[in-house]
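Chemist: This is the structure I want to talk about, given as structure tokens.
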Amino acid sequence: MSDTVTRFAPSPTGFLHIGGARTALFSWLLAKSQGGKFLLRIEDTDRERSTQEAIDAILEAMTWLGLDHDGEVYYQSQRADRHNEVIDQLVESGHAYWCNCSKEDVDAMRDKARAAGRKPKYDGRCRERGLGPDCGGVVRFKTPLAGAVSYTDMVKGPSAVNVEELDDLILRRSDGGPTYNLAVVVDDHDMGVTQVLRGDDHVNNTFRQIPIYEAMGWQVPSFGHVPMILGPDKKKLSKRHGALSVMEYEKMGYLPEAVLNYLVRLGWSHGDQEVFTREELTRLFTTDTLSSSPSVFDLQKLEWMSGQYMQGADVNRLTAEVTKIIEFEVGRDEAEKLNLKILPKAIPLLQPRAKHLVDLAEQSRLFLVDVAFLMYDETAVKKFLTPEARALLEEIAPQLEAIEEWTEASIEACLRSFIDEKELKFKVLAQPVRVAVTGTTQSPGLFETMAVLGREQTMTRMRRVVEDFGL
Ligand code: GLU
């Protein structure tokens with residue numbers, strides 16, 4: 001095992017959305033590609049906004065995507081003592097100080113700086129006052145007075161900021177609680193994190209965090225910041241454009257590996273390859289090809305990717321998933337009345353064109369229902385089940401009925417010889433048969449569909465059309 005340790009550190013204030021999942025995926029891949037460890041740390045220090053429901057949802061989504069973490073799940077809130085210990089050390093070593101300025105004082109300093117055309121920030125007036133814990137205030141970090149904070153971002157390249165841009169950051173709030181920027185540094189250090197990959201909304205935090213590492217004499221990890229995912233309108237991704245919880249994609253019927261593959265391509269590339277196995281990803285992933293410009297969420301591409309995975313998915317697995325969806329939709333009792341055992345034979349016909357599991361379940365309906373419940377597409381009926389067409393169906397029915405062995409080949413032979421004899425074009429018969437048997441013009445291959453449906457269902461459906469559709 002290498003020394004590489006990465007982590008995903010979500011704040012449990014909501015579901016794991018698609019952007020967070022992508023950050024987690026990149027960190028997971030970075031660890032796996034280097035034979036390292038991937039940690040999961042729940043940053044639940046904001047007690048008011050963190051909920052158990054959100055923690056559960058994050059864990060569920062990580063499991064669904066197969067982003068397994070090494071070791072236990074860490075909870076930042078349980079490490080407050082350690083965070084405070086480090087704050088005390090920073091005060092002792094002169095890198096931090098107590099400050100009891102009121103909010104009004106700080107606001108006034110900021111206004112003054114702004115009026116003088118400087119960056120609004122705390123003016124450092126408590127730096128050398130030697131206050132102690134009894135001042136009832138906060139602890140601030142003594143940001144270096146001159147120079148720059150610089151690092152080479154794994155995604156964005158060399159990055160630097162002049163220290164004048166940085167405030168004397170609060171490390172401990174007046175309620176005694178450590179702040180995010182302090183806690184994150186202590187945790188990443190203690191957990192041996194070597195590479196931090198996160199969203200680029202954290203770039204400014206990185207400039208604040210690096211001086212804390214340096215003040216403690218700790219090794220600074222490598223940082224990388226991935227740009228946001230944008231909507232097709234090039235604005236921040238909205239719910240309408242896909243900024244949903246990962247588990248919504250499960251509900252919509254997407255396979256987790258399709259979502260994963262789609263996400264990895266939102267900002268990472270390996271030549272122009274689109275579809276990757278998990279094994280390939282863990283072998284090929286490198287931060288060198290993470291894009292430094294924002295990616296655009298494209299639902300059509302997700303559907304395309306999903307289709308790729310549907311085509312290759314195991315039939316037994318699809319059968320189980322479709323069964324679950326149908327049971328959920330119609331209830332177990334109703335589901336029992338359906339011909340679910342046909343699914344392992346019907347699914348191979350449907351999966352090449354299925355967009356996702358829900359679509360597959362929908363498409364499989366024509367195989368499952370008894371004739372009385374088959375829905376007929378009105379336009380198709382009008383167009384193809386004309387009196388002449390139904391007369392043909394009536395005529396061919398006994399010939400189909402008489403086929404010795406009901407197979408794709410024998411069905412095809414029967415229909416073709418009928419057509420040849422009548423000197424008709426094949427489609428004159430094929431479309432009416434298709435509509436009669438499936439209810440639509442959009443079905444898998446006619447002969448294989450009839451073969452899978454079985455002689456009895458096929459004939460019942462044809463007879464119904466001949467008898468009930470008002471010749
Ligand atoms: N907890 C932070 C968040 O959810 C992430 C912190 C980090 O990755 O450093 O935005």
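Identifiers in this document derive from the order of the structure tokens: chains are assigned A, B, ..., residues are numbered from 1 separately in each chain, and ligands are numbered from 1 in order of occurrence.
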Determine, counting only C-alpha atoms, which protein, DNA and RNA residues have an atom within 10 Å of an atom of A:Pro211; residues of the same chain fewer than 6 positions away are not included. Present the result as a VMD selection string.
Modeler: chain A and resid 95 141 to 144 148 to 150 163 217 to 218 220
Chemist: With N, CA and C atoms retained, write the just-selected residues as a PDB file, in the first residue's frame.
Modeler:
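And here is the file that came out, part.pdb:
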ATOM      1  N   HIS A  95       1.329  31.809  17.522  1.00  0.00           N
ATOM      2  CA  HIS A  95       0.737  31.865  16.183  1.00  0.00           C
ATOM      3  C   HIS A  95      -0.747  32.221  16.217  1.00  0.00           C
ATOM      4  N   PHE A 141      -6.091  33.499  14.336  1.00  0.00           N
ATOM      5  CA  PHE A 141      -4.801  33.088  13.810  1.00  0.00           C
ATOM      6  C   PHE A 141      -4.002  34.332  13.428  1.00  0.00           C
ATOM      7  N   LYS A 142      -2.716  34.296  13.744  1.00  0.00           N
ATOM      8  CA  LYS A 142      -1.858  35.431  13.381  1.00  0.00           C
ATOM      9  C   LYS A 142      -1.356  35.197  11.964  1.00  0.00           C
ATOM     10  N   THR A 143      -2.071  35.725  11.016  1.00  0.00           N
ATOM     11  CA  THR A 143      -1.660  35.552   9.625  1.00  0.00           C
ATOM     12  C   THR A 143      -0.336  36.281   9.403  1.00  0.00           C
ATOM     13  N   PRO A 144       0.638  35.636   8.733  1.00  0.00           N
ATOM     14  CA  PRO A 144       1.917  36.320   8.490  1.00  0.00           C
ATOM     15  C   PRO A 144       1.679  37.702   7.894  1.00  0.00           C
ATOM     16  N   ALA A 148       3.594  35.877   0.575  1.00  0.00           N
ATOM     17  CA  ALA A 148       2.461  35.290  -0.158  1.00  0.00           C
ATOM     18  C   ALA A 148       2.262  33.851   0.289  1.00  0.00           C
ATOM     19  N   VAL A 149       1.057  33.377   0.133  1.00  0.00           N
ATOM     20  CA  VAL A 149       0.794  31.951   0.342  1.00  0.00           C
ATOM     21  C   VAL A 149       0.696  31.346  -1.052  1.00  0.00           C
ATOM     22  N   SER A 150       1.504  30.347  -1.317  1.00  0.00           N
ATOM     23  CA  SER A 150       1.438  29.774  -2.662  1.00  0.00           C
ATOM     24  C   SER A 150       1.484  28.256  -2.619  1.00  0.00           C
ATOM     25  N   VAL A 163      -0.489  37.822   1.320  1.00  0.00           N
ATOM     26  CA  VAL A 163      -1.091  37.690   2.661  1.00  0.00           C
ATOM     27  C   VAL A 163      -1.986  38.881   3.025  1.00  0.00           C
ATOM     28  N   GLY A 217       4.115  23.430  11.868  1.00  0.00           N
ATOM     29  CA  GLY A 217       5.280  22.661  11.404  1.00  0.00           C
ATOM     30  C   GLY A 217       4.865  21.350  10.760  1.00  0.00           C
ATOM     31  N   TRP A 218       3.691  21.310  10.233  1.00  0.00           N
ATOM     32  CA  TRP A 218       3.181  20.085   9.615  1.00  0.00           C
ATOM     33  C   TRP A 218       3.411  20.091   8.102  1.00  0.00           C
ATOM     34  N   VAL A 220       2.444  20.084   4.474  1.00  0.00           N
ATOM     35  CA  VAL A 220       1.244  20.577   3.771  1.00  0.00           C
ATOM     36  C   VAL A 220       0.855  19.559   2.690  1.00  0.00           C
TER      37      VAL A 220
END
Chemist: Using DSSP assignments from the backbone, pull out every residue in stretch 174-375 of chain A that falls under helix (DSSP H, G or I) and give it to me as a PyMOL selection string.
Modeler: chain A and resi 180-190+200-216+239-241+246-252+256-264+278-284+287-289+299-312+315-330+332-336+340-353+357-368+371-373
Chemist: Which chain A residues have any atom within 7 Å of an atom of ligand 1, and for each, what is the nearest pair of atoms with distance in Å to one decimal, counting only C-alpha atoms and all ligand atoms, rows sorted by chain and number, as a tab-separated table?
Modeler:
residue	atom	partner	partner_atom_place_in_ligand_line	distance
A:Phe8	CA	ligand 1	8 (O)	6.2
A:Ala9	CA	ligand 1	8 (O)	4.8
A:Pro10	CA	ligand 1	4 (O)	3.8
A:Ser11	CA	ligand 1	4 (O)	4.0
A:Glu43	CA	ligand 1	1 (N)	5.2
A:Val184	CA	ligand 1	9 (O)	6.2
A:Leu197	CA	ligand 1	8 (O)	6.9
A:Arg198	CA	ligand 1	8 (O)	5.0
A:His202	CA	ligand 1	9 (O)	7.0
Chemist: Please, could you write that set of residues out with C-alpha atoms as a CSV table (one decimal), in the first residue's frame?
Modeler:
chain,number,residue,atom,x,y,z
A,8,PHE,CA,-14.2,13.0,1.1
A,9,ALA,CA,-15.4,15.4,3.8
A,10,PRO,CA,-19.0,16.3,3.3
A,11,SER,CA,-21.0,18.6,5.6
A,43,GLU,CA,-18.0,17.4,8.9
A,184,VAL,CA,-10.2,20.6,8.6
A,197,LEU,CA,-9.3,17.2,-3.8
A,198,ARG,CA,-12.4,19.3,-3.4
A,202,HIS,CA,-12.8,26.0,-1.3
Chemist: Mind pulling up the distance from atom CA of A:Glu48 to atom CA of A:Glu72?
Modeler: 23.9 Å
Chemist: Taking only C-alpha atoms into account, which of A:Thr152, A:Leu453, A:Gly192, A:Asp168 comes nearest A:Pro120?
Modeler: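 Smallest distance to A:Pro120 is found for A:Asp168.
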Chemist: Identify, on the basis of only C-alpha atoms, every residue whose closest approach to stretch 412-418 of chain A does not exceed 8 Å; exclude the query and any residue fewer than 6 positions from it along the same chain; express the result as a tab-separated table (two decimals) with N, CA and C atoms, in the first residue's frame.
Modeler:
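That gives us out_1.tsv:
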chain	number	residue	atom	x	y	z
A	396	ILE	N	-54.44	-15.39	-41.52
A	396	ILE	CA	-53.16	-16.03	-41.15
A	396	ILE	C	-53.23	-16.73	-39.80
A	399	GLN	N	-53.00	-20.45	-39.66
A	399	GLN	CA	-51.69	-20.96	-40.10
A	399	GLN	C	-50.65	-20.84	-38.99
A	400	LEU	N	-50.73	-19.71	-38.27
A	400	LEU	CA	-49.79	-19.55	-37.14
A	400	LEU	C	-50.11	-20.60	-36.06
A	403	ILE	N	-48.51	-23.94	-36.57
A	403	ILE	CA	-47.04	-24.13	-36.57
A	403	ILE	C	-46.70	-25.24	-35.57
A	426	PHE	N	-44.05	-7.35	-47.50
A	426	PHE	CA	-44.01	-7.90	-46.14
A	426	PHE	C	-44.62	-6.94	-45.12
A	447	PHE	N	-40.58	-11.28	-34.92
A	447	PHE	CA	-40.59	-12.75	-34.75
A	447	PHE	C	-40.13	-13.15	-33.35
Chemist: Return the single residue from A:Met154, A:Ala61, A:Val330, A:Ala31 that is closest to A:Ser245, with distances computed using only C-alpha atoms.
Modeler: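 Among the listed residues, the smallest separation from A:Ser245 belongs to A:Ala61.
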Chemist: Could you pull out the residues in stretch 131-202 of chain A that DSSP calls strand (DSSP E or B) from the backbone, as a PyMOL selection string?
Modeler: chain A and resi 138-141+148-153+157-162+170-172+178+195-199
Chemist: Between atom CA of A:Arg22 and atom CA of A:Thr51, measure the distance and give it in Å to one decimal.
Modeler: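 Separation between atom CA of A:Arg22 and atom CA of A:Thr51: 21.8 Å.
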Chemist: Neighbouring residues of A:Ala80 were defined as those with any atom within 12 Å, considering only C-alpha atoms; residues of the same chain fewer than 2 positions away were excluded. Please report them as a ChimeraX atom specification.
Modeler: /A:43-46,75-78,82-87,171-172,176-180,182-184,186-187
